[in-house]
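Engineer: Hey, dropping query_27.cif in here, mmCIF, C-alpha atoms and all ligand atoms:
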data_start
#
loop_
_atom_site.label_atom_id
_atom_site.label_comp_id
_atom_site.auth_asym_id
_atom_site.auth_seq_id
_atom_site.Cartn_x
_atom_site.Cartn_y
_atom_site.Cartn_z
CA MET A 1 -56.45 -24.03 99.54
CA VAL A 2 -52.91 -23.63 98.27
CA SER A 3 -50.21 -23.54 100.87
CA VAL A 4 -47.09 -21.81 99.69
CA VAL A 5 -44.19 -21.71 102.09
CA THR A 6 -43.33 -18.12 103.03
CA ARG A 7 -39.83 -17.37 104.21
CA PHE A 8 -38.67 -14.19 105.87
CA ALA A 9 -36.79 -11.71 103.68
CA THR A 10 -33.14 -10.93 104.45
CA PRO A 11 -32.25 -7.26 105.22
CA THR A 12 -30.76 -6.90 101.68
CA GLU A 13 -33.96 -8.24 100.08
CA LEU A 14 -36.04 -5.92 102.24
CA PHE A 15 -33.85 -2.96 101.22
CA CYS A 16 -34.20 -3.86 97.50
CA LYS A 17 -37.96 -4.21 97.96
CA LEU A 18 -38.44 -0.91 99.79
CA MET A 19 -35.91 1.26 97.89
CA PRO A 20 -37.94 1.76 94.67
CA ILE A 21 -41.07 2.53 96.73
CA ILE A 22 -39.22 5.14 98.85
CA LEU A 23 -37.63 6.68 95.72
CA ASN A 24 -41.01 6.88 93.97
CA THR A 25 -42.63 8.48 97.01
CA VAL A 26 -39.85 11.09 97.35
CA LEU A 27 -40.12 11.96 93.63
CA VAL A 28 -43.93 12.23 93.63
CA PHE A 29 -43.97 14.42 96.77
CA SER A 30 -41.06 16.60 95.54
CA ILE A 31 -42.79 17.25 92.21
CA THR A 32 -46.06 18.11 93.99
CA ALA A 33 -44.24 20.46 96.40
CA GLU A 34 -42.51 22.16 93.46
CA VAL A 35 -45.71 22.70 91.42
CA SER A 36 -47.53 23.91 94.56
CA TYR A 37 -44.70 26.40 95.07
CA LEU A 38 -45.02 27.55 91.44
CA VAL A 39 -48.74 28.14 91.98
CA ILE A 40 -48.50 29.84 95.38
CA VAL A 41 -45.34 31.93 94.91
CA GLU A 42 -45.48 32.15 91.10
CA ALA A 43 -41.73 32.59 90.90
CA PRO A 44 -39.89 29.93 88.90
CA LEU A 45 -36.31 30.47 90.11
CA GLU A 46 -35.87 33.68 92.06
CA PRO A 47 -38.52 35.75 93.92
CA ASP A 48 -38.02 38.73 91.55
CA GLN A 49 -39.07 36.60 88.56
CA LYS A 50 -42.73 36.74 89.52
CA LYS A 51 -44.66 36.95 86.26
CA THR A 52 -48.44 36.98 86.69
CA ASP A 53 -50.96 37.61 89.41
CA TRP A 54 -53.32 34.69 89.83
CA SER A 55 -56.58 35.15 91.70
CA THR A 56 -57.09 33.24 94.94
CA ILE A 57 -59.84 31.12 93.35
CA TRP A 58 -57.62 30.20 90.41
CA LYS A 59 -54.81 29.22 92.80
CA ALA A 60 -57.28 27.17 94.89
CA ILE A 61 -58.49 25.30 91.77
CA HIS A 62 -54.87 24.50 90.84
CA LEU A 63 -54.05 23.28 94.34
CA PHE A 64 -57.23 21.19 94.52
CA CYS A 65 -56.38 19.47 91.22
CA GLN A 66 -52.81 18.80 92.37
CA TYR A 67 -53.83 17.23 95.67
CA PHE A 68 -56.68 15.30 94.04
CA MET A 69 -54.12 13.66 91.74
CA LEU A 70 -51.57 13.21 94.55
CA GLY A 71 -54.24 11.60 96.75
CA ASN A 72 -55.26 9.21 94.01
CA ILE A 73 -51.65 8.31 93.15
CA THR A 74 -50.66 7.51 96.75
CA TRP A 75 -53.93 5.79 97.72
CA ASN A 76 -54.04 3.63 94.60
CA ALA A 77 -50.34 2.83 94.95
CA TRP A 78 -50.87 1.84 98.59
CA LEU A 79 -53.83 -0.44 97.71
CA PHE A 80 -51.90 -1.83 94.73
CA VAL A 81 -48.99 -2.88 96.98
CA LYS A 82 -51.30 -4.15 99.77
CA THR A 83 -53.64 -6.17 97.50
CA THR A 84 -51.85 -9.37 96.64
CA PRO A 85 -52.89 -10.96 93.34
CA SER A 86 -51.22 -14.27 94.20
CA ILE A 87 -52.77 -17.73 94.66
CA ARG A 88 -51.90 -17.73 98.40
CA GLY A 89 -55.02 -18.60 100.37
CA VAL A 90 -57.12 -19.08 97.23
CA PHE A 91 -59.23 -22.22 96.68
CA LEU A 92 -58.34 -23.12 93.10
CA GLY A 93 -61.08 -25.69 92.60
CA GLY A 94 -59.15 -28.91 93.13
CA GLU A 95 -60.47 -31.43 90.64
CA ALA A 96 -62.19 -29.00 88.29
CA MET A 97 -59.21 -28.55 86.03
CA GLY A 98 -59.72 -27.93 82.34
CA GLN A 99 -58.05 -26.47 79.33
CA GLY A 100 -55.29 -23.98 80.06
CA TRP A 101 -54.44 -25.38 83.52
CA ARG A 102 -50.78 -26.09 84.21
CA TYR A 103 -48.65 -27.45 86.98
CA CYS A 104 -46.26 -25.11 88.80
CA TYR A 105 -43.28 -27.05 90.20
CA ALA A 106 -42.23 -24.12 92.40
CA CYS A 107 -45.64 -23.79 94.10
CA GLU A 108 -46.34 -27.54 93.75
CA THR A 109 -49.91 -27.05 92.58
CA HIS A 110 -52.05 -26.94 89.47
CA THR A 111 -52.69 -23.36 88.37
CA PRO A 112 -55.57 -21.91 86.30
CA PRO A 113 -55.33 -20.30 82.84
CA ARG A 114 -53.60 -16.88 82.63
CA CYS A 115 -51.89 -17.57 85.97
CA SER A 116 -48.10 -17.69 86.00
CA HIS A 117 -45.26 -17.94 88.45
CA CYS A 118 -43.38 -14.77 89.45
CA TYR A 119 -39.78 -15.46 90.45
CA ASP A 120 -39.52 -12.08 92.21
CA CYS A 121 -42.63 -12.63 94.36
CA ASN A 122 -41.86 -16.38 94.49
CA VAL A 123 -45.49 -17.35 93.99
CA CYS A 124 -48.02 -17.93 91.21
CA VAL A 125 -50.16 -14.89 90.39
CA LEU A 126 -53.76 -14.97 89.10
CA ARG A 127 -54.17 -13.42 85.62
CA ARG A 128 -50.58 -12.24 85.92
CA ASP A 129 -49.73 -9.18 83.87
CA HIS A 130 -46.15 -8.34 84.90
CA HIS A 131 -43.99 -7.72 87.93
CA CYS A 132 -43.85 -3.96 88.57
CA VAL A 133 -40.25 -3.11 89.54
CA PHE A 134 -41.21 0.42 90.66
CA PHE A 135 -43.47 -0.89 93.44
CA ASN A 136 -42.02 -4.37 93.73
CA GLN A 137 -45.40 -5.98 93.37
CA CYS A 138 -46.97 -8.19 90.75
CA VAL A 139 -49.81 -6.79 88.68
CA GLY A 140 -52.58 -9.36 88.49
CA PHE A 141 -56.28 -10.07 88.72
CA ARG A 142 -57.08 -8.44 92.07
CA ASN A 143 -54.88 -5.32 91.97
CA TYR A 144 -55.02 -4.34 88.27
CA ARG A 145 -57.57 -1.58 88.95
CA TYR A 146 -55.29 0.12 91.51
CA PHE A 147 -52.26 -0.23 89.25
CA PHE A 148 -54.11 1.27 86.27
CA CYS A 149 -55.70 4.16 88.22
CA CYS A 150 -52.32 4.98 89.81
CA LEU A 151 -50.75 5.04 86.33
CA LEU A 152 -53.59 7.19 84.97
CA HIS A 153 -53.22 9.80 87.71
CA MET A 154 -49.42 9.73 87.42
CA TRP A 155 -49.78 10.47 83.71
CA ALA A 156 -52.27 13.32 84.32
CA GLY A 157 -50.14 14.69 87.19
CA LEU A 158 -46.93 14.61 85.17
CA LEU A 159 -48.62 16.20 82.15
CA TYR A 160 -49.78 19.00 84.46
CA ALA A 161 -46.30 19.27 86.03
CA VAL A 162 -44.65 19.48 82.59
CA VAL A 163 -46.99 22.33 81.58
CA MET A 164 -46.36 24.12 84.90
CA ASN A 165 -42.60 23.63 84.53
CA ALA A 166 -42.57 25.13 81.05
CA GLU A 167 -41.90 28.47 82.76
CA VAL A 168 -38.83 26.99 84.48
CA PHE A 169 -37.45 26.01 81.07
CA ILE A 170 -38.33 29.47 79.71
CA VAL A 171 -36.55 31.21 82.62
CA ILE A 172 -33.45 29.03 82.22
CA LEU A 173 -33.35 29.58 78.45
CA LYS A 174 -34.01 33.32 78.84
CA GLU A 175 -30.28 33.87 79.10
CA GLY A 176 -30.06 32.34 75.61
CA VAL A 177 -29.07 28.87 74.42
CA THR A 178 -25.68 29.02 76.13
CA LEU A 179 -23.47 26.17 77.28
CA HIS A 180 -24.44 27.05 80.87
CA SER A 181 -28.21 26.82 80.25
CA ILE A 182 -27.92 23.63 78.16
CA MET A 183 -25.71 21.98 80.81
CA LEU A 184 -28.13 23.03 83.56
CA LEU A 185 -31.01 21.37 81.71
CA LEU A 186 -29.19 18.22 80.61
CA VAL A 187 -26.84 17.51 83.53
CA PRO A 188 -27.97 19.55 86.55
CA TRP A 189 -26.06 17.26 88.94
CA ILE A 190 -22.70 18.08 87.33
CA MET A 191 -23.50 21.80 87.43
CA LEU A 192 -24.34 21.55 91.13
CA VAL A 193 -21.27 19.52 92.09
CA SER A 194 -18.96 21.82 90.09
CA GLY A 195 -20.47 24.87 91.84
CA GLN A 196 -21.77 26.44 88.60
CA VAL A 197 -25.35 26.87 89.86
CA THR A 198 -27.15 27.47 93.14
CA ALA A 199 -28.93 24.61 94.93
CA ARG A 200 -32.23 26.36 94.17
CA ALA A 201 -31.60 26.51 90.39
CA PHE A 202 -30.45 22.88 90.50
CA ALA A 203 -33.61 21.76 92.33
CA PHE A 204 -35.90 23.44 89.78
CA ALA A 205 -33.93 22.15 86.77
CA PHE A 206 -33.76 18.63 88.22
CA ILE A 207 -37.49 18.45 88.96
CA ALA A 208 -38.40 19.94 85.56
CA ASP A 209 -36.19 17.30 83.88
CA THR A 210 -37.67 14.51 86.00
CA CYS A 211 -41.20 15.60 85.01
CA VAL A 212 -40.41 15.41 81.29
CA VAL A 213 -38.64 12.03 81.49
CA GLY A 214 -41.27 10.65 83.90
CA PHE A 215 -44.10 11.85 81.69
CA LEU A 216 -42.69 10.15 78.57
CA LEU A 217 -42.11 6.91 80.49
CA VAL A 218 -45.54 6.88 82.16
CA ALA A 219 -47.32 7.87 78.91
CA GLY A 220 -45.72 4.88 77.16
CA PHE A 221 -46.82 2.50 79.95
CA LEU A 222 -50.32 3.96 80.15
CA PHE A 223 -51.09 3.77 76.43
CA PHE A 224 -49.68 0.25 76.25
CA HIS A 225 -51.98 -0.81 79.09
CA ILE A 226 -54.99 0.92 77.52
CA ALA A 227 -54.31 -1.02 74.30
CA LEU A 228 -53.95 -4.28 76.27
CA MET A 229 -57.14 -3.65 78.22
CA LEU A 230 -59.19 -2.87 75.12
CA ARG A 231 -57.86 -6.01 73.41
CA GLY A 232 -58.58 -8.26 76.40
CA GLN A 233 -54.94 -9.23 76.85
CA THR A 234 -52.28 -9.16 79.53
CA THR A 235 -48.68 -8.07 78.91
CA ARG A 236 -47.70 -11.75 78.72
CA GLU A 237 -50.34 -12.38 76.03
CA TRP A 238 -49.38 -9.33 73.94
CA HIS A 239 -47.26 -11.27 71.43
CA SER A 240 -49.94 -13.88 70.82
CA SER A 241 -51.80 -13.49 67.56
CA ARG A 242 -54.90 -15.10 69.14
CA ARG A 243 -57.13 -13.28 71.60
CA PRO A 244 -59.26 -15.99 73.23
CA TYR A 245 -60.24 -13.76 76.17
CA ASN A 246 -61.47 -10.86 74.04
CA LEU A 247 -65.10 -10.21 75.08
CA GLY A 248 -65.57 -6.91 73.23
CA THR A 249 -64.22 -3.48 74.17
CA VAL A 250 -66.54 -2.58 77.07
CA ASN A 251 -66.56 -6.09 78.59
CA ASN A 252 -62.76 -6.20 78.38
CA VAL A 253 -62.57 -2.97 80.40
CA VAL A 254 -65.12 -4.34 82.93
CA GLU A 255 -62.97 -7.50 83.31
CA CYS A 256 -59.99 -5.32 84.30
CA LEU A 257 -61.50 -2.40 86.24
CA GLY A 258 -64.83 -3.83 87.43
CA SER A 259 -68.46 -2.94 86.81
CA ARG A 260 -67.98 0.74 87.79
CA TRP A 261 -65.00 1.23 85.45
CA TYR A 262 -66.29 4.68 84.44
CA LEU A 263 -66.21 5.91 88.07
CA CYS A 264 -63.43 3.95 89.77
CA TRP A 265 -60.69 6.38 88.63
CA LEU A 266 -62.26 9.13 90.79
CA CYS A 267 -61.49 7.47 94.11
CA PRO A 268 -60.08 4.05 95.07
CA LEU A 269 -62.88 3.67 97.66
CA ILE A 270 -65.64 3.52 95.00
CA PRO A 271 -66.62 -0.17 94.87
CA SER A 272 -66.18 -1.72 91.43
CA PRO A 273 -66.65 -5.50 91.70
CA LEU A 274 -64.82 -7.65 89.18
CA PRO A 275 -67.06 -10.03 87.21
CA GLY A 276 -64.91 -13.17 87.49
CA ASP A 277 -62.88 -14.98 90.14
CA GLY A 278 -59.49 -14.86 88.40
CA ILE A 279 -59.60 -18.65 87.99
CA HIS A 280 -62.33 -19.22 85.40
CA PHE A 281 -62.48 -17.05 82.29
CA LYS A 282 -65.01 -16.70 79.51
CA VAL A 283 -63.39 -17.80 76.28
CA THR A 284 -64.39 -16.58 72.83
CA GLY A 285 -61.65 -18.29 70.82
CA SER A 286 -59.35 -21.27 71.01
CA LEU A 287 -56.73 -21.27 73.76
CA GLU A 288 -53.07 -21.55 72.97
CA PRO A 289 -50.25 -21.97 75.41
CA VAL A 290 -48.63 -18.65 76.34
CA ARG A 291 -45.09 -18.77 77.62
ZN ZN B 1 -45.90 -20.95 91.05
ZN ZN B 2 -44.03 -10.52 91.12
#
Would you mind writing the file out in structure tokens?

Structural biologist:
Amino acid sequence: MVSVVTRFATPTELFCKLMPIILNTVLVFSITAEVSYLVIVEAPLEPDQKKTDWSTIWKAIHLFCQYFMLGNITWNAWLFVKTTPSIRGVFLGGEAMGQGWRYCYACETHTPPRCSHCYDCNVCVLRRDHHCVFFNQCVGFRNYRYFFCCLLHMWAGLLYAVVMNAEVFIVILKEGVTLHSIMLLLVPWIMLVSGQVTARAFAFAFIADTCVVGFLLVAGFLFFHIALMLRGQTTREWHSSRRPYNLGTVNNVVECLGSRWYLCWLCPLIPSPLPGDGIHFKVTGSLEPVR
């Protein structure tokens, strides 16, 4: 058992830890509220701009999809933050050290291959991928599934929100490509503060902008992680030309998402046991030190 001394966080540290989580939550719920409004009221900016009449069933399908994605984002995010991937409380095997094991001076213990110390979490993390600044949690062996599924649903949700917000862009640009419409799309905050637009127009423009920027950011992250997963690598191992942990495409996915990888994205409650223990890894090539 590894004993790592835990110290209590100062109020500033706690604020820095919670702030990105609160900001993310506010953004995700605001975007969902906005797209729900677009579906229910069907009026992008003003009530008289109602364009089509959607049937009740069609509206219900839209709302179901939105809340299915929202549920998966929040539940996976919650489990991702709650599931610690660190070595705290883990029996690392004592004497059974082999190739790839190193000594961590901060944790004062020998650590297994693919494990590395996180200076934000102040602990070593099993099969450490990276420290996620948006949720202030390390991505590692035990919580990778939740991280990936959260990212997947964020991508799908933002893609949907971008499509739904296309009408907001169309309504704004209906007045023509004027300085006013361009400024509203590029710098809605300045337009609000200078009194050029109503709070309502600002809110729609701001959320539509956030969806586009968020979608591009999340798409980049998601496709990078899909590539990593298929190659049997972590973010830290990306630059290495060798892939000693590559077990073949399907096995690499199973190593990250568990045996029910094809189902686990549907609901975080679906059990999908991971094949290994995060300490011992099957190796198909020669190991090289990764820094
Ligand atoms: Zn350490
Ligand atoms: Zn960390």

Engineer: Within 9 Å of ligand ZN 1 (chain B), counting all atoms listed in the file: which residues, as a ChimeraX atom specification?

Structural biologist: /A:4,87,103-111,115-119,122-125

Engineer: Using all atoms listed in the file, can you tell me which of A:Cys256, A:Ile279, A:Leu158, A:Val81 comes closest to ligand ZN 2 (chain B)?

Structural biologist: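 Using all atoms listed in the file, the shortest distance to ligand ZN 2 (chain B) belongs to A:Val81.
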
Engineer: Rounded to one decimal place, report the CA of Ala201 in chain A-CA of Leu179 in chain A distance in Å.

Structural biologist: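 Those two atoms sit 15.4 Å apart.
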
Engineer: Using only C-alpha atoms and all ligand atoms, which of the listed residues (A:Leu63, A:Arg128, A:Ile21, A:Phe15) sits closest to ligand ZN 2 (chain B)?

Structural biologist: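 Distance minimum relative to ligand ZN 2 (chain B) lands on A:Arg128.
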
Engineer: Have a look at A:Val133, A:Leu70, A:Trp155, A:Thr249 and name the one nearest to Phe221 in chain A; count all atoms listed in the file.

Structural biologist: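 The closest residue to Phe221 in chain A is A:Trp155.
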
Engineer: Could you check how far CA of Phe202 in chain A sits from CA of His180 in chain A, in Å to one decimal?

Structural biologist: 12.1 Å

Engineer: Could you list, as number ranges by chain, all protein and nucleic acid residues with an atom at most 6 Å from ligand ZN 2 (chain B), counting all atoms listed in the file?

Structural biologist: A: 118, 120-121, 131, 137-138

Engineer: For those residues, write C-alpha atoms to a file as a compact mmCIF listing (two decimals), in the coordinates of the input.

Structural biologist:
# COMPACT_ATOMS: atom_id res chain seq x y z
CA CYS A 118 -43.38 -14.77 89.45
CA ASP A 120 -39.52 -12.08 92.21
CA CYS A 121 -42.63 -12.63 94.36
CA HIS A 131 -43.99 -7.72 87.93
CA GLN A 137 -45.40 -5.98 93.37
CA CYS A 138 -46.97 -8.19 90.75

Engineer: Name all residues at most 12 Å from Arg114 in chain A (count only C-alpha atoms; drop same-chain ones fewer than 2 positions away) and give them as a PyMOL selection string.

Structural biologist: chain A and resi 99-102+111-112+116-117+124-130+140-141+232-237+244-245+278-283+287-291

Engineer: Show me, as an mmCIF file with C-alpha atoms, in the coordinates of the input, the residues that have an atom within 12 Å of Val193 in chain A when counting only C-alpha atoms, minus same-chain residues fewer than 5 positions from it.

Structural biologist:
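Result went into result.cif, see below:
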data_model
loop_
_atom_site.group_PDB
_atom_site.id
_atom_site.type_symbol
_atom_site.label_atom_id
_atom_site.label_comp_id
_atom_site.auth_asym_id
_atom_site.auth_seq_id
_atom_site.Cartn_x
_atom_site.Cartn_y
_atom_site.Cartn_z
ATOM 1 C CA LEU A 184 -28.130 23.030 83.560
ATOM 2 C CA VAL A 187 -26.840 17.510 83.530
ATOM 3 C CA PRO A 188 -27.970 19.550 86.550
ATOM 4 C CA THR A 198 -27.150 27.470 93.140
ATOM 5 C CA ALA A 199 -28.930 24.610 94.930
ATOM 6 C CA PHE A 202 -30.450 22.880 90.500
#

Engineer: What gap, in Å, lies between CA of Val253 in chain A and CA of Gly89 in chain A?

Structural biologist: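 Here the two named atoms are 26.5 Å from each other.
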
Engineer: Using only C-alpha atoms, give me every residue within 12 Å of (-62.8, 9.9, 91.8) in file coordinates, as an mmCIF file with C-alpha atoms, in the frame of the given file.

Structural biologist:
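Ended up saving to out16.cif:
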data_model
loop_
_atom_site.group_PDB
_atom_site.id
_atom_site.type_symbol
_atom_site.label_atom_id
_atom_site.label_comp_id
_atom_site.auth_asym_id
_atom_site.auth_seq_id
_atom_site.Cartn_x
_atom_site.Cartn_y
_atom_site.Cartn_z
ATOM 1 C CA CYS A 65 -56.380 19.470 91.220
ATOM 2 C CA PHE A 68 -56.680 15.300 94.040
ATOM 3 C CA MET A 69 -54.120 13.660 91.740
ATOM 4 C CA GLY A 71 -54.240 11.600 96.750
ATOM 5 C CA ASN A 72 -55.260 9.210 94.010
ATOM 6 C CA ILE A 73 -51.650 8.310 93.150
ATOM 7 C CA TRP A 75 -53.930 5.790 97.720
ATOM 8 C CA ASN A 76 -54.040 3.630 94.600
ATOM 9 C CA CYS A 149 -55.700 4.160 88.220
ATOM 10 C CA CYS A 150 -52.320 4.980 89.810
ATOM 11 C CA LEU A 152 -53.590 7.190 84.970
ATOM 12 C CA HIS A 153 -53.220 9.800 87.710
ATOM 13 C CA ARG A 260 -67.980 0.740 87.790
ATOM 14 C CA TRP A 261 -65.000 1.230 85.450
ATOM 15 C CA TYR A 262 -66.290 4.680 84.440
ATOM 16 C CA LEU A 263 -66.210 5.910 88.070
ATOM 17 C CA CYS A 264 -63.430 3.950 89.770
ATOM 18 C CA TRP A 265 -60.690 6.380 88.630
ATOM 19 C CA LEU A 266 -62.260 9.130 90.790
ATOM 20 C CA CYS A 267 -61.490 7.470 94.110
ATOM 21 C CA PRO A 268 -60.080 4.050 95.070
ATOM 22 C CA LEU A 269 -62.880 3.670 97.660
ATOM 23 C CA ILE A 270 -65.640 3.520 95.000
ATOM 24 C CA PRO A 271 -66.620 -0.170 94.870
#

Engineer: Applying 8 Å and only C-alpha atoms, which residues near Ser259 in chain A remain after dropping the ones on its own chain fewer than 3 positions away? List them as number ranges by chain.

Structural biologist: A: 254-255, 272-275

Engineer: Using all atoms listed in the file, which protein or nucleic acid residues come within 12 Å of Gly214 in chain A? Drop anything in the same chain fewer than 6 positions from it, and give the result as a list in words.

Structural biologist: Asn24, Leu27, Val28, Ile31, Leu151, Met154, Trp155, Ala156, Gly157, Leu158, Leu159, Tyr160, Ala161, Val162, Phe206, Ile207, Ala208, Gly220, Phe221 and Leu222 of chain A

Engineer: For C-alpha atoms, I'd like the residues from the last selection saved as a short mmCIF file (atom, residue, chain, number, x, y, z; two decimals), in the frame of the given file.

Structural biologist:
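Writing done, so here's part24.cif:
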data_model
loop_
_atom_site.label_atom_id
_atom_site.label_comp_id
_atom_site.auth_asym_id
_atom_site.auth_seq_id
_atom_site.Cartn_x
_atom_site.Cartn_y
_atom_site.Cartn_z
CA ASN A 24 -41.01 6.88 93.97
CA LEU A 27 -40.12 11.96 93.63
CA VAL A 28 -43.93 12.23 93.63
CA ILE A 31 -42.79 17.25 92.21
CA LEU A 151 -50.75 5.04 86.33
CA MET A 154 -49.42 9.73 87.42
CA TRP A 155 -49.78 10.47 83.71
CA ALA A 156 -52.27 13.32 84.32
CA GLY A 157 -50.14 14.69 87.19
CA LEU A 158 -46.93 14.61 85.17
CA LEU A 159 -48.62 16.20 82.15
CA TYR A 160 -49.78 19.00 84.46
CA ALA A 161 -46.30 19.27 86.03
CA VAL A 162 -44.65 19.48 82.59
CA PHE A 206 -33.76 18.63 88.22
CA ILE A 207 -37.49 18.45 88.96
CA ALA A 208 -38.40 19.94 85.56
CA GLY A 220 -45.72 4.88 77.16
CA PHE A 221 -46.82 2.50 79.95
CA LEU A 222 -50.32 3.96 80.15
#

Engineer: Here is a test: counting only C-alpha atoms, which residue of A:Val171, A:Ile57, A:Leu18, A:Ala166 is nearest to Cys211 in chain A?

Structural biologist: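 Residue with the minimum atom-to-atom distance to Cys211 in chain A: A:Ala166.
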
Engineer: Met183 in chain A: which residues within 12 Å, counting all atoms listed in the file, same-chain residues fewer than 3 positions away excluded, as a list in words?

Structural biologist: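 Residues meeting the cut-off are Ile172, Leu173, Val177, Thr178, Leu179, His180, Leu186, Val187, Pro188, Trp189, Ile190, Met191, Leu192, Ser194, Gln196, Val197, Phe202, Ala205, Phe206 and Asp209 of chain A.
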
Engineer: Keeping only C-alpha atoms, write those residues as a PDB file, in the coordinates of the input.

Structural biologist:
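New file selection.pdb:
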ATOM      1  CA  ILE A 172     -33.450  29.030  82.220  1.00  0.00           C
ATOM      2  CA  LEU A 173     -33.350  29.580  78.450  1.00  0.00           C
ATOM      3  CA  VAL A 177     -29.070  28.870  74.420  1.00  0.00           C
ATOM      4  CA  THR A 178     -25.680  29.020  76.130  1.00  0.00           C
ATOM      5  CA  LEU A 179     -23.470  26.170  77.280  1.00  0.00           C
ATOM      6  CA  HIS A 180     -24.440  27.050  80.870  1.00  0.00           C
ATOM      7  CA  LEU A 186     -29.190  18.220  80.610  1.00  0.00           C
ATOM      8  CA  VAL A 187     -26.840  17.510  83.530  1.00  0.00           C
ATOM      9  CA  PRO A 188     -27.970  19.550  86.550  1.00  0.00           C
ATOM     10  CA  TRP A 189     -26.060  17.260  88.940  1.00  0.00           C
ATOM     11  CA  ILE A 190     -22.700  18.080  87.330  1.00  0.00           C
ATOM     12  CA  MET A 191     -23.500  21.800  87.430  1.00  0.00           C
ATOM     13  CA  LEU A 192     -24.340  21.550  91.130  1.00  0.00           C
ATOM     14  CA  SER A 194     -18.960  21.820  90.090  1.00  0.00           C
ATOM     15  CA  GLN A 196     -21.770  26.440  88.600  1.00  0.00           C
ATOM     16  CA  VAL A 197     -25.350  26.870  89.860  1.00  0.00           C
ATOM     17  CA  PHE A 202     -30.450  22.880  90.500  1.00  0.00           C
ATOM     18  CA  ALA A 205     -33.930  22.150  86.770  1.00  0.00           C
ATOM     19  CA  PHE A 206     -33.760  18.630  88.220  1.00  0.00           C
ATOM     20  CA  ASP A 209     -36.190  17.300  83.880  1.00  0.00           C
TER      21      ASP A 209
END

Engineer: When distances are computed from only C-alpha atoms, which of A:Gly258, A:His225, A:Trp54, A:Asn136 shows the smallest separation from Glu13 in chain A?

Structural biologist: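 Of all the options, A:Asn136 lies closest to Glu13 in chain A.
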
Engineer: So which one's closest to Ala33 in chain A, A:Arg142, A:Gly98, A:Arg242, A:Ala203? Using only C-alpha atoms, please.

Structural biologist: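 So, comparing all the options, the nearest one is A:Ala203.
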